[in-house]
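Below is one structure, written out as structure tokens; the observations come after it.
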Amino acid sequence: MSLAAKIKELGEEIGLDIVRITNAESFPEAEKHLIESVEKGYIPKNDYYTSGNISVRPNQLNLNKISRRCNPKSILKRVKSIISVAECYLIEETEDVQDKGQLCGKIAKYDAGNFYYDVKLKLKKIIDFINQETNYKYKSKNKSCYISLTEKPIARRAGVGWYGKNGIIITERFGSWVVLGEVITELELDTDEPLQQDCGDCTICIDSCPTKAIVSPYVIDRTKCLQFISERPMNVPLAFREKWEDRLYGCTTCQEVCPQNRKVKLKKYKPEYGYIGSKIPLMPLLQITEEEFQRYFAYNQIAMRPKEAIKRNAILALGNIGDPRAVVPLIKVLQEDDNPMVRGHTAWALGKIGGEKAKFALEKALKIEGDREVREEITNALRMI
Ligand code: SF4
Ligand code: SF4
């Protein structure tokens with residue numbers, strides 16, 4: 001049995017759903033696509049995806065960074081092969097009793113637990129295996145997050161799946177309900193071919209995206225994508241706030257409507273790390289401290305996001321749920337929170353829920369609020385009541 005076949009067998013044994021292999025050539029098409037996306041403003045120039053470095057001045061496009069992300073040799077000089085893996089995250093969930101009667105926000109399926117960390121641990125086992133089989137002759141590194149190396153082109157070239165028009169990799173058995181990961185190695189392995197499949201005439205995801213973020217097939221305007229916005233501490237445009245619905249983190253609408261995802265079976269599996277389930281009570285997040293935030297979301301991807309972004313998400317979800325029980329806790333945020341973005345979105349949520357108590361608090365806040373943008377938010381909120 002070839003070493004490539006043994007690696008695939010091991011992948012299956014340790015619970016990886018797909019293991020394929022490709023060469024270590026760079027990805028010029030992906031690089032071009034990324035640069036165009038930044039130039040068109042579909043990815044903010046100062047986002048960590050493009051700058052990845054706080055020393056880079058805002059609005060300065062870091063072309064080197066993008067180029068490095070599309071070139072496996074930037075991570076491992078003598079790389080010869082890339083093992084591309086996928087793990088399905090569509091898991092069976094048990095109802096969480098603690099959520100009964102509470103106002104809850106929705107967690108996107110890919111974040112119910114830390115599937116990336118789960119994959120990373122499995123990739124480590126593959127590296128250990130390669131080391132044993134080759135007597136530590138080759139260097140290998142594992143990646144399970146797109147920040148240092150762009151993963152989707154790797155998965156496409158290795159035949160893990162093909163690009164959906166929503167920009168997400170679709171696999172044959174698990175649809176797009178997968179997280180990706182890679183081992184890049186100096187070891188030369190037999191490679192696989194890309195799959196010859198595509199979306200055909202379907203445009204369901206493009207038509208169903210609530211914010212029209214899929215501007216054309218395979219081109220996503222991240223600044224309009226609720227998944228992207230939910231991770232970052234930025235203002236949510238007024239036009240998107242009702243479309244936000246009860247999301248606390250992420251968005252999977254374009255995956256839920258995809259015909260390729262309909263027949264995927266739920267897995268009986270729970271990731272060991274960072275499990276938070278699909279719903280989370282929102283009110284405790286309004287006053288959560290950084291320490292509590294880190295503890296509550298330990299090992300989950302949310303712990304890596306700015307607390308203010310998650311708090312803002314909770315506030316928008318509460319506004320959209322519209323339950324008057326949220327009014328008093330929201331007033332407290334409007335009066336006490338240091339962050340203008342948080343106060344501004346709180347004003348909107350109070351305007352959305354409405355009622356005398358919310359109106360009185362907004363009028364009072366307008367008299368003392370020092371931030372111009374927050375005052376505009378309050379004025380707008382008062383118009384909504
Ligand atoms: S994740 Fe949501 S907002 Fe983003 S493209 Fe898909 S449907 Fe649109
Ligand atoms: S909804 Fe249709 S167009 Fe969109 S990814 Fe799925 S198959 Fe492709």
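Quick note on naming: the chains in the structure tokens go A, B, ... in the order shown, residues restart at 1 in each chain, and ligands are numbered from 1 in order of appearance.
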
Closest atom pairs, chain A residues within 8 Å of ligand 1, only C-alpha atoms and all ligand atoms, as a Markdown table:
```
| residue | atom | partner | partner_atom_place_in_ligand_line | distance |
| --- | --- | --- | --- | --- |
| A:Asn166 | CA | ligand 1 | 5 (S) | 6.1 |
| A:Cys205 | CA | ligand 1 | 7 (S) | 6.9 |
| A:Ile206 | CA | ligand 1 | 8 (Fe) | 7.7 |
| A:Ser208 | CA | ligand 1 | 7 (S) | 6.7 |
| A:Cys209 | CA | ligand 1 | 7 (S) | 3.9 |
| A:Pro210 | CA | ligand 1 | 8 (Fe) | 5.8 |
| A:Thr211 | CA | ligand 1 | 3 (S) | 5.7 |
| A:Lys212 | CA | ligand 1 | 8 (Fe) | 6.2 |
| A:Ala213 | CA | ligand 1 | 5 (S) | 5.0 |
| A:Ile214 | CA | ligand 1 | 5 (S) | 5.4 |
| A:Ile220 | CA | ligand 1 | 5 (S) | 6.4 |
| A:Asp221 | CA | ligand 1 | 5 (S) | 7.8 |
| A:Arg222 | CA | ligand 1 | 4 (Fe) | 7.2 |
| A:Lys224 | CA | ligand 1 | 3 (S) | 6.5 |
| A:Cys225 | CA | ligand 1 | 4 (Fe) | 3.7 |
| A:Leu226 | CA | ligand 1 | 3 (S) | 4.1 |
| A:Gln227 | CA | ligand 1 | 1 (S) | 4.9 |
| A:Phe228 | CA | ligand 1 | 4 (Fe) | 7.0 |
| A:Gly250 | CA | ligand 1 | 1 (S) | 7.0 |
| A:Cys251 | CA | ligand 1 | 1 (S) | 4.5 |
| A:Thr252 | CA | ligand 1 | 1 (S) | 5.0 |
| A:Thr253 | CA | ligand 1 | 7 (S) | 4.3 |
| A:Cys254 | CA | ligand 1 | 7 (S) | 4.0 |
| A:Gln255 | CA | ligand 1 | 6 (Fe) | 6.9 |
```

Might you pull out every residue within 12 Å of Glu272 in chain A, with only C-alpha atoms counted and same-chain residues fewer than 5 positions away left off, and present them as number ranges by chain? A: 112-119, 121, 298-300

Please tabulate, as a Markdown table, the residues of chain A that come within 8 Å of ligand 2, each with its closest pair of atoms and the distance in Å to one decimal, counting only C-alpha atoms and all ligand atoms and ordering rows by chain, then residue number upward.
```
| residue | atom | partner | partner_atom_place_in_ligand_line | distance |
| --- | --- | --- | --- | --- |
| A:Tyr163 | CA | ligand 2 | 5 (S) | 7.4 |
| A:Gly164 | CA | ligand 2 | 5 (S) | 3.7 |
| A:Lys165 | CA | ligand 2 | 5 (S) | 4.6 |
| A:Asn166 | CA | ligand 2 | 5 (S) | 5.1 |
| A:Gly167 | CA | ligand 2 | 5 (S) | 7.4 |
| A:Ile168 | CA | ligand 2 | 5 (S) | 7.1 |
| A:Ile170 | CA | ligand 2 | 5 (S) | 7.3 |
| A:Asp198 | CA | ligand 2 | 8 (Fe) | 7.1 |
| A:Cys199 | CA | ligand 2 | 8 (Fe) | 4.1 |
| A:Gly200 | CA | ligand 2 | 3 (S) | 7.3 |
| A:Asp201 | CA | ligand 2 | 3 (S) | 7.2 |
| A:Cys202 | CA | ligand 2 | 2 (Fe) | 4.3 |
| A:Thr203 | CA | ligand 2 | 3 (S) | 4.2 |
| A:Ile204 | CA | ligand 2 | 1 (S) | 4.4 |
| A:Cys205 | CA | ligand 2 | 1 (S) | 4.1 |
| A:Ile206 | CA | ligand 2 | 4 (Fe) | 6.4 |
| A:Pro217 | CA | ligand 2 | 3 (S) | 7.6 |
| A:Cys254 | CA | ligand 2 | 1 (S) | 6.5 |
| A:Gln255 | CA | ligand 2 | 6 (Fe) | 6.9 |
| A:Val257 | CA | ligand 2 | 1 (S) | 5.9 |
| A:Cys258 | CA | ligand 2 | 1 (S) | 3.6 |
| A:Pro259 | CA | ligand 2 | 6 (Fe) | 5.7 |
| A:Gln260 | CA | ligand 2 | 7 (S) | 5.7 |
| A:Asn261 | CA | ligand 2 | 6 (Fe) | 7.6 |
```

Residue set, range 111-223 of chain A restricted to helix (DSSP H, G or I), as a ChimeraX atom specification: /A:111,115-134,152-158,204-208,222-223

Go ahead and save the residues from that selection, with C-alpha atoms, as a CSV table (one decimal), in the first residue's frame.
```csv
chain,number,residue,atom,x,y,z
A,111,ASP,CA,-19.6,27.1,15.3
A,115,PHE,CA,-14.5,21.8,14.6
A,116,TYR,CA,-11.4,23.6,13.4
A,117,TYR,CA,-9.5,22.6,16.6
A,118,ASP,CA,-10.9,19.1,16.2
A,119,VAL,CA,-9.5,18.8,12.7
A,120,LYS,CA,-6.2,20.3,13.9
A,121,LEU,CA,-5.8,17.6,16.5
A,122,LYS,CA,-6.5,15.0,13.8
A,123,LEU,CA,-4.0,16.6,11.4
A,124,LYS,CA,-1.4,16.3,14.1
A,125,LYS,CA,-2.0,12.5,14.2
A,126,ILE,CA,-1.4,12.4,10.4
A,127,ILE,CA,1.9,14.3,10.9
A,128,ASP,CA,3.0,11.9,13.7
A,129,PHE,CA,2.2,9.0,11.4
A,130,ILE,CA,4.3,10.5,8.5
A,131,ASN,CA,7.1,11.1,10.9
A,132,GLN,CA,7.1,7.5,12.1
A,133,GLU,CA,6.8,6.1,8.6
A,134,THR,CA,9.6,8.2,7.2
A,152,LYS,CA,-10.5,26.5,-0.6
A,153,PRO,CA,-8.3,26.5,-3.7
A,154,ILE,CA,-6.4,23.6,-2.1
A,155,ALA,CA,-9.6,21.6,-1.4
A,156,ARG,CA,-10.7,22.3,-5.0
A,157,ARG,CA,-7.5,21.2,-6.6
A,158,ALA,CA,-7.2,18.1,-4.4
A,204,ILE,CA,-30.7,29.7,-5.4
A,205,CYS,CA,-28.1,30.9,-3.0
A,206,ILE,CA,-27.6,34.2,-5.0
A,207,ASP,CA,-31.4,34.8,-4.9
A,208,SER,CA,-31.7,33.8,-1.2
A,222,ARG,CA,-17.8,40.5,2.4
A,223,THR,CA,-18.8,43.9,3.6
```

Within range 108-156 of chain A, find each residue whose DSSP state, derived from the backbone, is strand (DSSP E), and express the selection as a list in words.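 Filtering range 108-156 of chain A to strand (DSSP E) leaves Ser140, Lys141, Asn142 and Lys143 of chain A.
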
Tell me, in Å to one decimal, how far CA of Ser176 in chain A is from CA of Ser81 in chain A. 24.0 Å

Could you please determine the separation between CA of Glu377 in chain A and CA of His345 in chain A in Å, to one decimal place?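 Going from CA of Glu377 in chain A over to CA of His345 in chain A covers 7.4 Å.
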
Excluding range 76-79 of chain A and any residue of its chain fewer than 4 positions from it, enumerate the residues within 7 Å of it, using only C-alpha atoms, and give them as a ChimeraX atom specification. /A:24,72,184-186

Write the selection just made, keeping C-alpha atoms, as a PDB file, in the first residue's frame?
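And here's result.pdb as it stands now:
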```pdb
ATOM      1  CA  ALA A  24       2.302  22.259  -3.640  1.00  0.00           C
ATOM      2  CA  PRO A  72       2.371  27.058   0.217  1.00  0.00           C
ATOM      3  CA  ILE A 184       1.656  20.657   4.067  1.00  0.00           C
ATOM      4  CA  THR A 185       4.656  18.378   3.810  1.00  0.00           C
ATOM      5  CA  GLU A 186       8.061  17.977   2.202  1.00  0.00           C
TER       6      GLU A 186
END
```

Using only C-alpha atoms, find the one residue out of A:Leu180, A:Ile276, A:Cys104, A:Cys88 that sits nearest to Arg20 in chain A.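 Selected residue with least distance to Arg20 in chain A: A:Leu180.
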
Name the residues in contact with Asp246 in chain A at a cut-off of 8 Å, using only C-alpha atoms, excluding same-chain residues fewer than 5 positions from it; report them as a PyMOL selection string. chain A and resi 104-106+316-318+320-321

Which residues are near Ala365 in chain A? Cut-off 8 Å, only C-alpha atoms, ignore same chain within fewer than 5 positions. Put them as a PyMOL selection string. chain A and resi 334-335+378
